[in-house]
Structure formats: structure tokens, C-alpha cells
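Below is start.json, which holds JSON, C-alpha atoms.
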```
[["chain", "number", "residue", "atom", "x", "y", "z"],
["A", 1, "MET", "CA", 33.09, 16.31, -19.17],
["A", 2, "ARG", "CA", 31.25, 18.44, -16.67],
["A", 3, "ARG", "CA", 28.06, 17.89, -18.70],
["A", 4, "LEU", "CA", 28.57, 14.14, -18.61],
["A", 5, "TRP", "CA", 29.09, 14.23, -14.86],
["A", 6, "ILE", "CA", 25.91, 16.26, -14.32],
["A", 7, "ALA", "CA", 23.94, 13.92, -16.58],
["A", 8, "GLY", "CA", 25.21, 11.00, -14.53],
["A", 9, "VAL", "CA", 24.06, 12.61, -11.31],
["A", 10, "VAL", "CA", 20.61, 13.34, -12.73],
["A", 11, "ILE", "CA", 20.13, 9.79, -14.02],
["A", 12, "GLY", "CA", 21.57, 8.24, -10.88],
["A", 13, "VAL", "CA", 19.21, 10.18, -8.65],
["A", 14, "ALA", "CA", 16.14, 9.80, -10.85],
["A", 15, "ALA", "CA", 16.39, 6.09, -11.57],
["A", 16, "PRO", "CA", 15.60, 4.77, -8.07],
["A", 17, "ALA", "CA", 12.39, 6.82, -7.89],
["A", 18, "TRP", "CA", 9.46, 4.43, -7.64],
["A", 19, "GLY", "CA", 6.11, 4.34, -6.02],
["A", 20, "HIS", "CA", 2.77, 2.65, -5.61],
["A", 21, "ARG", "CA", -0.21, 4.20, -7.37],
["A", 22, "PRO", "CA", -2.38, 5.87, -4.69],
["A", 23, "THR", "CA", -6.04, 5.14, -4.12],
["A", 24, "SER", "CA", -8.52, 5.56, -1.26],
["A", 25, "PHE", "CA", -10.89, 3.46, 0.83],
["A", 26, "ASP", "CA", -13.52, 6.04, -0.13],
["A", 27, "ALA", "CA", -13.10, 5.38, -3.86],
["A", 28, "GLU", "CA", -16.05, 3.86, -5.71],
["A", 29, "GLU", "CA", -13.71, 1.19, -7.08],
["A", 30, "ILE", "CA", -10.69, 1.04, -4.77],
["A", 31, "VAL", "CA", -8.38, -1.03, -6.99],
["A", 32, "THR", "CA", -9.20, -0.73, -10.67],
["A", 33, "ASP", "CA", -6.45, -3.10, -11.84],
["A", 34, "PRO", "CA", -4.81, -5.46, -9.31],
["A", 35, "THR", "CA", -1.87, -6.18, -11.59],
["A", 36, "PHE", "CA", -0.46, -2.71, -10.80],
["A", 37, "SER", "CA", 1.24, -1.55, -7.61],
["A", 38, "TRP", "CA", -1.06, 0.36, -5.23],
["A", 39, "THR", "CA", -1.01, 2.09, -1.86],
["A", 40, "ILE", "CA", -4.07, 2.89, 0.26],
["A", 41, "PRO", "CA", -3.86, 5.22, 3.28],
["A", 42, "GLY", "CA", -6.15, 4.79, 6.26],
["A", 43, "LYS", "CA", -6.61, 6.11, 9.77],
["A", 44, "PHE", "CA", -7.93, 4.41, 12.88],
["A", 45, "GLU", "CA", -9.82, 7.19, 14.65],
["A", 46, "SER", "CA", -11.91, 5.07, 17.03],
["A", 47, "GLY", "CA", -9.73, 1.96, 16.89],
["A", 48, "THR", "CA", -12.74, -0.20, 16.05],
["A", 49, "GLU", "CA", -12.71, 0.37, 12.29],
["A", 50, "VAL", "CA", -12.23, -2.57, 9.95],
["A", 51, "PHE", "CA", -11.10, -1.54, 6.47],
["A", 52, "SER", "CA", -11.53, -3.87, 3.52],
["A", 53, "PHE", "CA", -11.18, -4.04, -0.24],
["A", 54, "THR", "CA", -11.12, -6.74, -2.89],
["A", 55, "LEU", "CA", -8.72, -7.89, -5.60],
["A", 56, "ASP", "CA", -10.01, -9.83, -8.59],
["A", 57, "TYR", "CA", -7.62, -11.93, -10.64],
["A", 58, "GLU", "CA", -8.46, -13.88, -13.76],
["A", 59, "ALA", "CA", -5.51, -16.21, -13.13],
["A", 60, "PRO", "CA", -3.32, -17.00, -10.08],
["A", 61, "PHE", "CA", -1.05, -14.05, -9.31],
["A", 62, "ALA", "CA", 1.85, -13.72, -6.83],
["A", 63, "LEU", "CA", 2.84, -10.33, -5.42],
["A", 64, "PRO", "CA", 4.28, -8.72, -2.27],
["A", 65, "PHE", "CA", 2.07, -7.11, 0.41],
["A", 66, "GLU", "CA", 2.96, -4.95, 3.40],
["A", 67, "ILE", "CA", 1.35, -2.56, 5.86],
["A", 68, "LEU", "CA", 3.26, 0.50, 6.99],
["A", 69, "VAL", "CA", 2.87, 3.14, 9.65],
["A", 70, "PRO", "CA", 4.48, 6.58, 9.73],
["A", 71, "THR", "CA", 6.88, 7.21, 12.58],
["A", 72, "ALA", "CA", 5.87, 10.88, 12.81],
["A", 73, "GLY", "CA", 4.05, 11.80, 16.00],
["A", 74, "GLY", "CA", 5.77, 9.07, 18.01],
["A", 75, "ASN", "CA", 3.41, 6.39, 16.71],
["A", 76, "GLY", "CA", 6.06, 4.17, 15.12],
["A", 77, "ASP", "CA", 5.13, 1.20, 17.33],
["A", 78, "PHE", "CA", 1.55, 1.15, 16.01],
["A", 79, "ARG", "CA", 0.90, -2.37, 14.68],
["A", 80, "PRO", "CA", -2.27, -2.72, 12.63],
["A", 81, "GLN", "CA", -2.91, -6.23, 11.33],
["A", 82, "TYR", "CA", -4.36, -7.56, 8.11],
["A", 83, "VAL", "CA", -5.61, -10.77, 6.60],
["A", 84, "ILE", "CA", -6.00, -11.80, 2.97],
["A", 85, "VAL", "CA", -8.95, -14.14, 2.44],
["A", 86, "GLY", "CA", -9.37, -15.90, -0.87],
["A", 87, "PRO", "CA", -8.73, -18.87, -3.14],
["A", 88, "GLY", "CA", -5.35, -20.57, -3.33],
["A", 89, "LEU", "CA", -4.37, -19.85, 0.28],
["A", 90, "PRO", "CA", -3.95, -22.35, 3.15],
["A", 91, "LYS", "CA", -6.86, -22.97, 5.51],
["A", 92, "PRO", "CA", -6.58, -20.93, 8.72],
["A", 93, "SER", "CA", -5.51, -22.52, 11.98],
["A", 94, "ASP", "CA", -7.68, -22.11, 15.08],
["A", 95, "GLU", "CA", -5.09, -19.67, 16.40],
["A", 96, "VAL", "CA", -5.40, -17.49, 13.29],
["A", 97, "LEU", "CA", -9.20, -17.66, 13.36],
["A", 98, "ALA", "CA", -9.17, -16.47, 16.97],
["A", 99, "ALA", "CA", -7.10, -13.42, 16.00],
["A", 100, "LEU", "CA", -9.50, -12.18, 13.31],
["A", 101, "PRO", "CA", -12.24, -9.60, 13.91],
["A", 102, "ASP", "CA", -15.87, -10.68, 13.58],
["A", 103, "ASP", "CA", -16.26, -8.73, 10.34],
["A", 104, "VAL", "CA", -13.95, -11.07, 8.44],
["A", 105, "GLU", "CA", -15.88, -13.50, 6.25],
["A", 106, "ILE", "CA", -14.20, -16.72, 5.10],
["A", 107, "GLY", "CA", -15.92, -18.74, 2.39],
["A", 108, "ALA", "CA", -15.91, -22.52, 2.29],
["A", 109, "ASP", "CA", -13.28, -22.58, -0.46],
["A", 110, "ASP", "CA", -11.18, -19.73, 0.92],
["A", 111, "GLY", "CA", -7.86, -19.79, 2.70],
["A", 112, "VAL", "CA", -6.02, -16.99, 4.47],
["A", 113, "PHE", "CA", -2.74, -15.17, 4.84],
["A", 114, "PHE", "CA", -2.61, -13.42, 8.24],
["A", 115, "GLU", "CA", -0.09, -10.68, 9.06],
["A", 116, "ALA", "CA", 0.22, -10.35, 12.84],
["A", 117, "ASN", "CA", 2.70, -7.47, 12.47],
["A", 118, "ASP", "CA", 4.45, -8.59, 15.65],
["A", 119, "ASP", "CA", 8.11, -8.82, 14.65],
["A", 120, "ASP", "CA", 10.44, -7.35, 17.27],
["A", 121, "ASP", "CA", 12.56, -5.68, 14.61],
["A", 122, "ARG", "CA", 10.63, -4.15, 11.76],
["A", 123, "PHE", "CA", 11.95, -2.62, 8.57],
["A", 124, "LEU", "CA", 12.29, 1.17, 8.73],
["A", 125, "PHE", "CA", 12.75, 3.14, 5.56],
["A", 126, "PHE", "CA", 12.66, 6.68, 4.31],
["A", 127, "GLU", "CA", 10.10, 7.23, 1.55],
["A", 128, "GLY", "CA", 11.68, 9.85, -0.67],
["A", 129, "VAL", "CA", 8.67, 11.10, -2.64],
["A", 130, "MET", "CA", 6.67, 12.14, 0.43],
["A", 131, "ARG", "CA", 9.80, 12.57, 2.58],
["A", 132, "ARG", "CA", 8.67, 10.56, 5.57],
["A", 133, "ALA", "CA", 9.88, 7.58, 7.58],
["A", 134, "LEU", "CA", 7.69, 4.48, 7.71],
["A", 135, "VAL", "CA", 7.88, 1.20, 9.61],
["A", 136, "SER", "CA", 6.83, -1.89, 7.68],
["A", 137, "SER", "CA", 5.19, -5.11, 8.86],
["A", 138, "GLY", "CA", 7.64, -6.75, 6.46],
["A", 139, "SER", "CA", 6.94, -7.31, 2.78],
["A", 140, "THR", "CA", 5.58, -10.81, 2.15],
["A", 141, "ALA", "CA", 5.07, -12.45, -1.24],
["A", 142, "VAL", "CA", 1.70, -14.20, -1.42],
["A", 143, "ALA", "CA", 0.41, -16.28, -4.34],
["A", 144, "LEU", "CA", -3.32, -15.62, -4.74],
["A", 145, "GLY", "CA", -5.62, -17.94, -6.63],
["A", 146, "ALA", "CA", -7.87, -16.93, -9.51],
["A", 147, "GLY", "CA", -11.02, -15.17, -8.35],
["A", 148, "THR", "CA", -11.77, -12.66, -5.61],
["A", 149, "SER", "CA", -9.54, -12.10, -2.60],
["A", 150, "THR", "CA", -10.55, -9.73, 0.20],
["A", 151, "ILE", "CA", -8.10, -7.83, 2.39],
["A", 152, "TRP", "CA", -9.25, -6.82, 5.89],
["A", 153, "ILE", "CA", -7.27, -4.38, 8.05],
["A", 154, "TRP", "CA", -7.85, -3.66, 11.74],
["A", 155, "SER", "CA", -6.22, -2.40, 14.92],
["A", 156, "PRO", "CA", -5.99, -5.37, 17.32],
["A", 157, "ASN", "CA", -5.89, -3.36, 20.56],
["A", 158, "GLU", "CA", -8.07, -0.55, 19.25],
["A", 159, "ASP", "CA", -4.95, 1.60, 19.06],
["A", 160, "LEU", "CA", -5.25, 4.77, 17.05],
["A", 161, "GLY", "CA", -3.09, 5.88, 14.18],
["A", 162, "GLU", "CA", -2.45, 6.15, 10.48],
["A", 163, "PHE", "CA", -1.29, 3.44, 8.10],
["A", 164, "MET", "CA", -0.51, 2.79, 4.47],
["A", 165, "PHE", "CA", -1.34, -0.54, 2.88],
["A", 166, "GLY", "CA", 0.86, -1.33, -0.11],
["A", 167, "PHE", "CA", 1.06, -4.17, -2.59],
["A", 168, "GLY", "CA", 2.52, -5.06, -5.95],
["A", 169, "VAL", "CA", 5.54, -3.75, -7.81],
["A", 170, "GLU", "CA", 4.42, -2.88, -11.34],
["A", 171, "GLU", "CA", 4.22, 0.91, -11.55],
["A", 172, "ASN", "CA", 1.41, 2.53, -13.49],
["A", 173, "PHE", "CA", 0.57, 6.21, -13.26],
["A", 174, "GLU", "CA", -1.47, 6.49, -16.44],
["A", 175, "ASP", "CA", -4.90, 8.14, -16.46],
["A", 176, "GLY", "CA", -4.05, 10.68, -13.77],
["A", 177, "GLY", "CA", -2.68, 8.21, -11.24],
["A", 178, "PHE", "CA", -1.47, 11.05, -9.01],
["A", 179, "GLY", "CA", -4.95, 12.57, -8.72],
["A", 180, "GLY", "CA", -5.65, 10.96, -5.38],
["A", 181, "VAL", "CA", -2.45, 12.34, -3.91],
["A", 182, "PHE", "CA", -3.02, 15.98, -4.66],
["A", 183, "SER", "CA", -6.72, 16.03, -3.81],
["A", 184, "ASN", "CA", -6.09, 14.16, -0.54],
["A", 185, "TRP", "CA", -2.63, 15.45, 0.33],
["A", 186, "SER", "CA", -3.05, 15.13, 4.09],
["A", 187, "ASP", "CA", -3.78, 11.40, 3.75],
["A", 188, "PHE", "CA", -0.46, 10.78, 2.08],
["A", 189, "ALA", "CA", 1.94, 13.35, 3.60],
["A", 190, "TYR", "CA", 2.54, 13.14, 7.32],
["B", 191, "MET", "CA", 35.83, 12.94, -12.71],
["B", 192, "ARG", "CA", 35.34, 10.92, -15.89],
["B", 193, "PHE", "CA", 35.24, 7.72, -13.86],
["B", 194, "PHE", "CA", 32.59, 9.00, -11.44],
["B", 195, "GLY", "CA", 30.39, 10.29, -14.26],
["B", 196, "LEU", "CA", 30.53, 6.92, -16.01],
["B", 197, "LEU", "CA", 29.92, 5.07, -12.75],
["B", 198, "LEU", "CA", 26.82, 7.12, -11.98],
["B", 199, "LEU", "CA", 25.50, 6.52, -15.47],
["B", 200, "LEU", "CA", 26.00, 2.77, -15.10],
["B", 201, "VAL", "CA", 24.41, 2.64, -11.65],
["B", 202, "GLY", "CA", 21.45, 4.70, -12.81],
["B", 203, "CYS", "CA", 20.75, 2.45, -15.79],
["B", 204, "ALA", "CA", 21.66, -0.94, -14.37],
["B", 205, "ASP", "CA", 19.02, -3.59, -13.70],
["B", 206, "VAL", "CA", 19.40, -5.79, -10.64],
["B", 207, "GLU", "CA", 19.72, -9.56, -10.76],
["B", 208, "PRO", "CA", 17.06, -11.72, -9.06],
["B", 209, "THR", "CA", 18.12, -12.71, -5.55],
["B", 210, "ASP", "CA", 18.53, -16.29, -4.36],
["B", 211, "ALA", "CA", 15.46, -15.91, -2.16],
["B", 212, "CYS", "CA", 13.25, -14.99, -5.10],
["B", 213, "ILE", "CA", 14.73, -17.67, -7.37],
["B", 214, "GLU", "CA", 13.80, -20.20, -4.67],
["B", 215, "TYR", "CA", 10.36, -18.65, -4.15],
["B", 216, "VAL", "CA", 9.57, -18.83, -7.88],
["B", 217, "SER", "CA", 10.79, -22.42, -8.01],
["B", 218, "CYS", "CA", 8.54, -23.29, -5.04],
["B", 219, "ILE", "CA", 5.39, -21.74, -6.49],
["B", 220, "GLN", "CA", 6.05, -23.31, -9.89],
["B", 221, "ALA", "CA", 6.45, -26.72, -8.26],
["B", 222, "GLN", "CA", 3.15, -26.21, -6.41],
["B", 223, "ASP", "CA", 1.51, -25.16, -9.68],
["B", 224, "GLU", "CA", 2.74, -28.32, -11.37],
["B", 225, "VAL", "CA", 1.10, -30.43, -8.67],
["B", 226, "ASN", "CA", -2.15, -28.44, -8.79],
["B", 227, "GLY", "CA", -2.34, -27.94, -12.56],
["B", 228, "LEU", "CA", -2.09, -24.14, -12.26],
["B", 229, "GLN", "CA", 0.08, -21.41, -13.73],
["B", 230, "THR", "CA", 0.69, -18.55, -11.31],
["B", 231, "ASP", "CA", 1.78, -15.23, -12.76],
["B", 232, "LEU", "CA", 5.26, -14.82, -11.25],
["B", 233, "VAL", "CA", 6.67, -12.52, -13.93],
["B", 234, "ARG", "CA", 7.64, -9.71, -11.52],
["B", 235, "PHE", "CA", 9.89, -12.05, -9.50],
["B", 236, "GLU", "CA", 11.60, -13.60, -12.52],
["B", 237, "ALA", "CA", 14.69, -12.27, -14.31],
["B", 238, "GLY", "CA", 13.78, -9.09, -16.16],
["B", 239, "GLY", "CA", 10.63, -8.62, -14.02],
["B", 240, "ALA", "CA", 9.53, -5.44, -12.28],
["B", 241, "CYS", "CA", 11.26, -6.48, -9.06],
["B", 242, "TRP", "CA", 14.67, -6.01, -10.60],
["B", 243, "THR", "CA", 14.39, -2.55, -12.14],
["B", 244, "ASN", "CA", 16.13, -0.76, -9.28],
["B", 245, "PRO", "CA", 17.72, -1.57, -5.91],
["B", 246, "ASP", "CA", 14.79, -0.26, -3.82],
["B", 247, "ILE", "CA", 12.21, -2.52, -5.46],
["B", 248, "ALA", "CA", 14.70, -5.39, -5.48],
["B", 249, "ALA", "CA", 15.11, -5.08, -1.71],
["B", 250, "LEU", "CA", 11.33, -5.03, -1.22],
["B", 251, "CYS", "CA", 10.90, -8.13, -3.39],
["B", 252, "ASP", "CA", 13.80, -9.95, -1.72],
["B", 253, "ARG", "CA", 12.24, -9.38, 1.71],
["B", 254, "GLY", "CA", 8.91, -10.47, 0.26],
["B", 255, "CYS", "CA", 10.37, -13.72, -1.05],
["B", 256, "VAL", "CA", 12.14, -14.51, 2.24],
["B", 257, "ASN", "CA", 8.98, -13.86, 4.27],
["B", 258, "GLY", "CA", 6.74, -15.53, 1.69],
["B", 259, "MET", "CA", 8.79, -18.72, 1.81],
["B", 260, "ASP", "CA", 8.92, -18.68, 5.63],
["B", 261, "TRP", "CA", 5.14, -18.35, 5.74],
["B", 262, "LEU", "CA", 4.60, -21.14, 3.20],
["B", 263, "GLN", "CA", 6.82, -23.45, 5.22],
["B", 264, "GLU", "CA", 4.88, -22.59, 8.36],
["B", 265, "ALA", "CA", 1.31, -22.59, 7.01],
["B", 266, "GLY", "CA", 1.42, -24.67, 3.85],
["B", 267, "GLU", "CA", 0.49, -28.35, 3.64],
["B", 268, "ASN", "CA", 1.94, -31.06, 1.41],
["B", 269, "LEU", "CA", 4.61, -28.75, 0.10],
["B", 270, "PRO", "CA", 6.77, -29.95, -2.79],
["B", 271, "GLN", "CA", 10.47, -30.48, -2.21],
["B", 272, "GLU", "CA", 11.30, -27.13, -3.83],
["B", 273, "CYS", "CA", 9.48, -25.37, -0.97],
["B", 274, "VAL", "CA", 11.12, -27.08, 1.97],
["B", 275, "GLN", "CA", 14.82, -26.80, 1.20]]
```
Turn this file's structure into C-alpha cells for me.
Amino acid sequence: MRRLWIAGVVIGVAAPAWGHRPTSFDAEEIVTDPTFSWTIPGKFESGTEVFSFTLDYEAPFALPFEILVPTAGGNGDFRPQYVIVGPGLPKPSDEVLAALPDDVEIGADDGVFFEANDDDDRFLFFEGVMRRALVSSGSTAVALGAGTSTIWIWSPNEDLGEFMFGFGVEENFEDGGFGGVFSNWSDFAY
Amino acid sequence: MRFFGLLLLLVGCADVEPTDACIEYVSCIQAQDEVNGLQTDLVRFEAGGACWTNPDIAALCDRGCVNGMDWLQEAGENLPQECVQ
């Protein structure tokens, strides 16, 4: 019976483990397969940086997106913003267009999803693998059209700080999916 | 002791059911697809999808569906009935 109890504890603890596959803005191909779940760390060092990457889908694809900041260092109120630009999304309002940095390019057939990251109460959670607390903009499901979507991330008030951009839910750690974590440990562990 | 061991085993292995928010989100996107002649890949949000493999992911997806529907209702145009309930 003791063995059964221990087995139960091991399974119960192990089962909830889950994570995005890590990648980097410095990677030659940042997202090799957009049907998997990914996380990309970044750091605003001057506050004027605009990070971007693309997702290419052969068919329309709906998935959750969120941007997170670590609470360590007292920077939990850091609120970087992002926009998804691509097919299948609504056309931006004038108000949304005014909030975007100049770097953002919107094609004639593109629409946008804009995350202002301005909720008073944001979701705080403890990420068990890296043992850190993160504040989320709030996960939002977005249905992207077939073709190329571009995600742009910036710091609206040129505030400084670190962030993690995460999307998707299908885990895949094949082909050395942890490689980016161990070779860039400081990017992922705060 | 036997009860707790069995309970932990069941919790560790149990899938989670899709939430009402994600059932409604899927219904909304499928209704939009029908109008637009598209077929969006929604597998992760549907029963048996990756969203429902453990409570942590389920909570992330549920929040995603709530926020995704709120955003569609705010930004979308000519939404089908399934998206405005």
C-alpha cells in the first residue's frame, strides 16, 4: 500500500508539469513550427526596442497568446504591449493605430489584435519549472487566418524590463527543445 | 491511506472537460467560418484537445476563451449570433 501511495504522489506531482518550448529573438528561425507551444524571452534595455517575429499557417489556426513579466526585482508592474498583424483579423480602429509604434507594418489585407496590457488586475502565477512568479497580460485566444502573421512587441513608455512572450498549448520538446534554455539560462531564469 | 493513494492516481491521470467559455468560443469561430467558407483549426479547444490535458493548461485556455470572446465582441464586425450571446 505504501508503494501505491508513493506512486500516486509521483504521478500527481508530475502530471501538471507543462511548458512552452523555448526559443530566442536571436534565432535564425525563431518559430520553426507555429502549431507547437512556444515562449520567447526578451529584455527592454533602452526601452525603444521593438521585437518582432512571424508565424506562418497553411490554414486558419486559433490559439492563446499572452505576454508575461517576472515580478522579481520589483518590476511586476511593467506592461509591455504587443500587436498581432495578419490575415483573418479585424481592421484596426484609429485608436489602435495611434497606439502602435512606427515600426509596425500593416498590409492592405491585414487586420490586427492589439494587447494594451492595461488591466487593473492581472493574472499572477508561479511557474514551477523555473520557480519564478510572473504577471500575465491575460491569455487571449485569437483565430489567425492562413498566411503570415507578424507579432510586434514594445514598451509603450520606454520602460525597462524583461518579458516572456508565450503562445499555443501543444507541447513539443523533440529535437533538443530544451537547448535554448540551458545555453541561455539567464534569459529564462530570473 | 488507500483512499488518498487512489485519489492521487485519479487526479494525476484525469483529463479536464472543456469549459463553457471555450465551448462558446469554438461555436463562435465555427459560425464565423461557416459564413466565410473557412475551417479554422480549433482542435486544442475542443473536447480531447491539448487544452484539457491538465488543470493548468485548462485554466490558461479558459482565460483565453473568455478574453478572446470579449475581444471579438468589441472589435469584430458582423458577428454571427453564436458570438454575441
With 3 Å added on each side, what axis-aligned box encloses every listed atom of stretch 59-72 of chain A? Give the centre and edge lengths in Å to one decimal, as JSON.
```
{"center_x": 0.7, "center_y": -3.1, "center_z": -0.2, "size_x": 18.4, "size_y": 33.9, "size_z": 31.9}
```
### Query
So what do you get for atom CA of A:Phe61 versus atom CA of B:Gln220, distance-wise?
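So the answer is 11.7 Å.
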### Task
Figure out the distance between atom CA of B:Gln263 and atom CA of A:Ile106, please, to one decimal in Å.
22.1 Å
Residues within 10 Å of B:Leu269, please, as a PDB file with C-alpha atoms, keeping the file's coordinate frame. Count only C-alpha atoms; anything in the same chain fewer than 2 positions from it doesn't count.
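The resulting selection09.pdb:
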```
ATOM      1  CA  CYS B 218       8.540 -23.290  -5.040  1.00  0.00           C
ATOM      2  CA  ILE B 219       5.390 -21.740  -6.490  1.00  0.00           C
ATOM      3  CA  ALA B 221       6.450 -26.720  -8.260  1.00  0.00           C
ATOM      4  CA  GLN B 222       3.150 -26.210  -6.410  1.00  0.00           C
ATOM      5  CA  VAL B 225       1.100 -30.430  -8.670  1.00  0.00           C
ATOM      6  CA  LEU B 262       4.600 -21.140   3.200  1.00  0.00           C
ATOM      7  CA  GLN B 263       6.820 -23.450   5.220  1.00  0.00           C
ATOM      8  CA  ALA B 265       1.310 -22.590   7.010  1.00  0.00           C
ATOM      9  CA  GLY B 266       1.420 -24.670   3.850  1.00  0.00           C
ATOM     10  CA  GLU B 267       0.490 -28.350   3.640  1.00  0.00           C
ATOM     11  CA  GLN B 271      10.470 -30.480  -2.210  1.00  0.00           C
ATOM     12  CA  GLU B 272      11.300 -27.130  -3.830  1.00  0.00           C
ATOM     13  CA  CYS B 273       9.480 -25.370  -0.970  1.00  0.00           C
ATOM     14  CA  VAL B 274      11.120 -27.080   1.970  1.00  0.00           C
TER      15      VAL B 274
END
```
### Task
Determine the nearest neighbour of chain B from the options A:Ser46, A:Thr71, A:Thr39, A:Ser137, counting all atoms listed in the file.
A:Ser137
### Task
Write out as a PyMOL selection string which residues come within 10 Å of stretch 210-212 of chain B when counting all atoms listed in the file, dropping same-chain ones fewer than 4 positions away.
(chain A and resi 141) or (chain B and resi 216-218+235-237+241+248+251-259)
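In this comparison, which uses all atoms listed in the file, the residue of B:Val206, B:Pro245, B:Gly227, B:Glu214 approaching chain A most closely is B:Pro245.
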### Query
Near A:Phe165, counting only C-alpha atoms, which residues have an atom at most 7 Å away, once you skip same-chain residues fewer than 6 positions from it, shown as a PyMOL selection string?
chain A and resi 39-41+66-68
### Message
Report, in Å with one decimal, the straight-line distance from atom CA of A:Gly42 to atom CA of A:Glu174.
### Response
23.2 Å
### All residues 10 Å or closer to A:Glu49, all atoms listed in the file, same chain fewer than 6 positions away omitted, as a VMD selection string
chain A and resid 42 to 43 103 153 to 155 158 160
### Task
Tell me which of A:Phe44, A:Phe65, A:Phe113, A:Phe51 sits closest to A:Trp152, counting all atoms listed in the file.
A:Phe51
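For B:Trp242, the list of residues within 7 Å, based on only C-alpha atoms and with local chain neighbours fewer than 4 positions off taken out, reads B:Asp205, B:Val206, B:Glu207, B:Pro208, B:Gly238, B:Ile247, B:Ala248.
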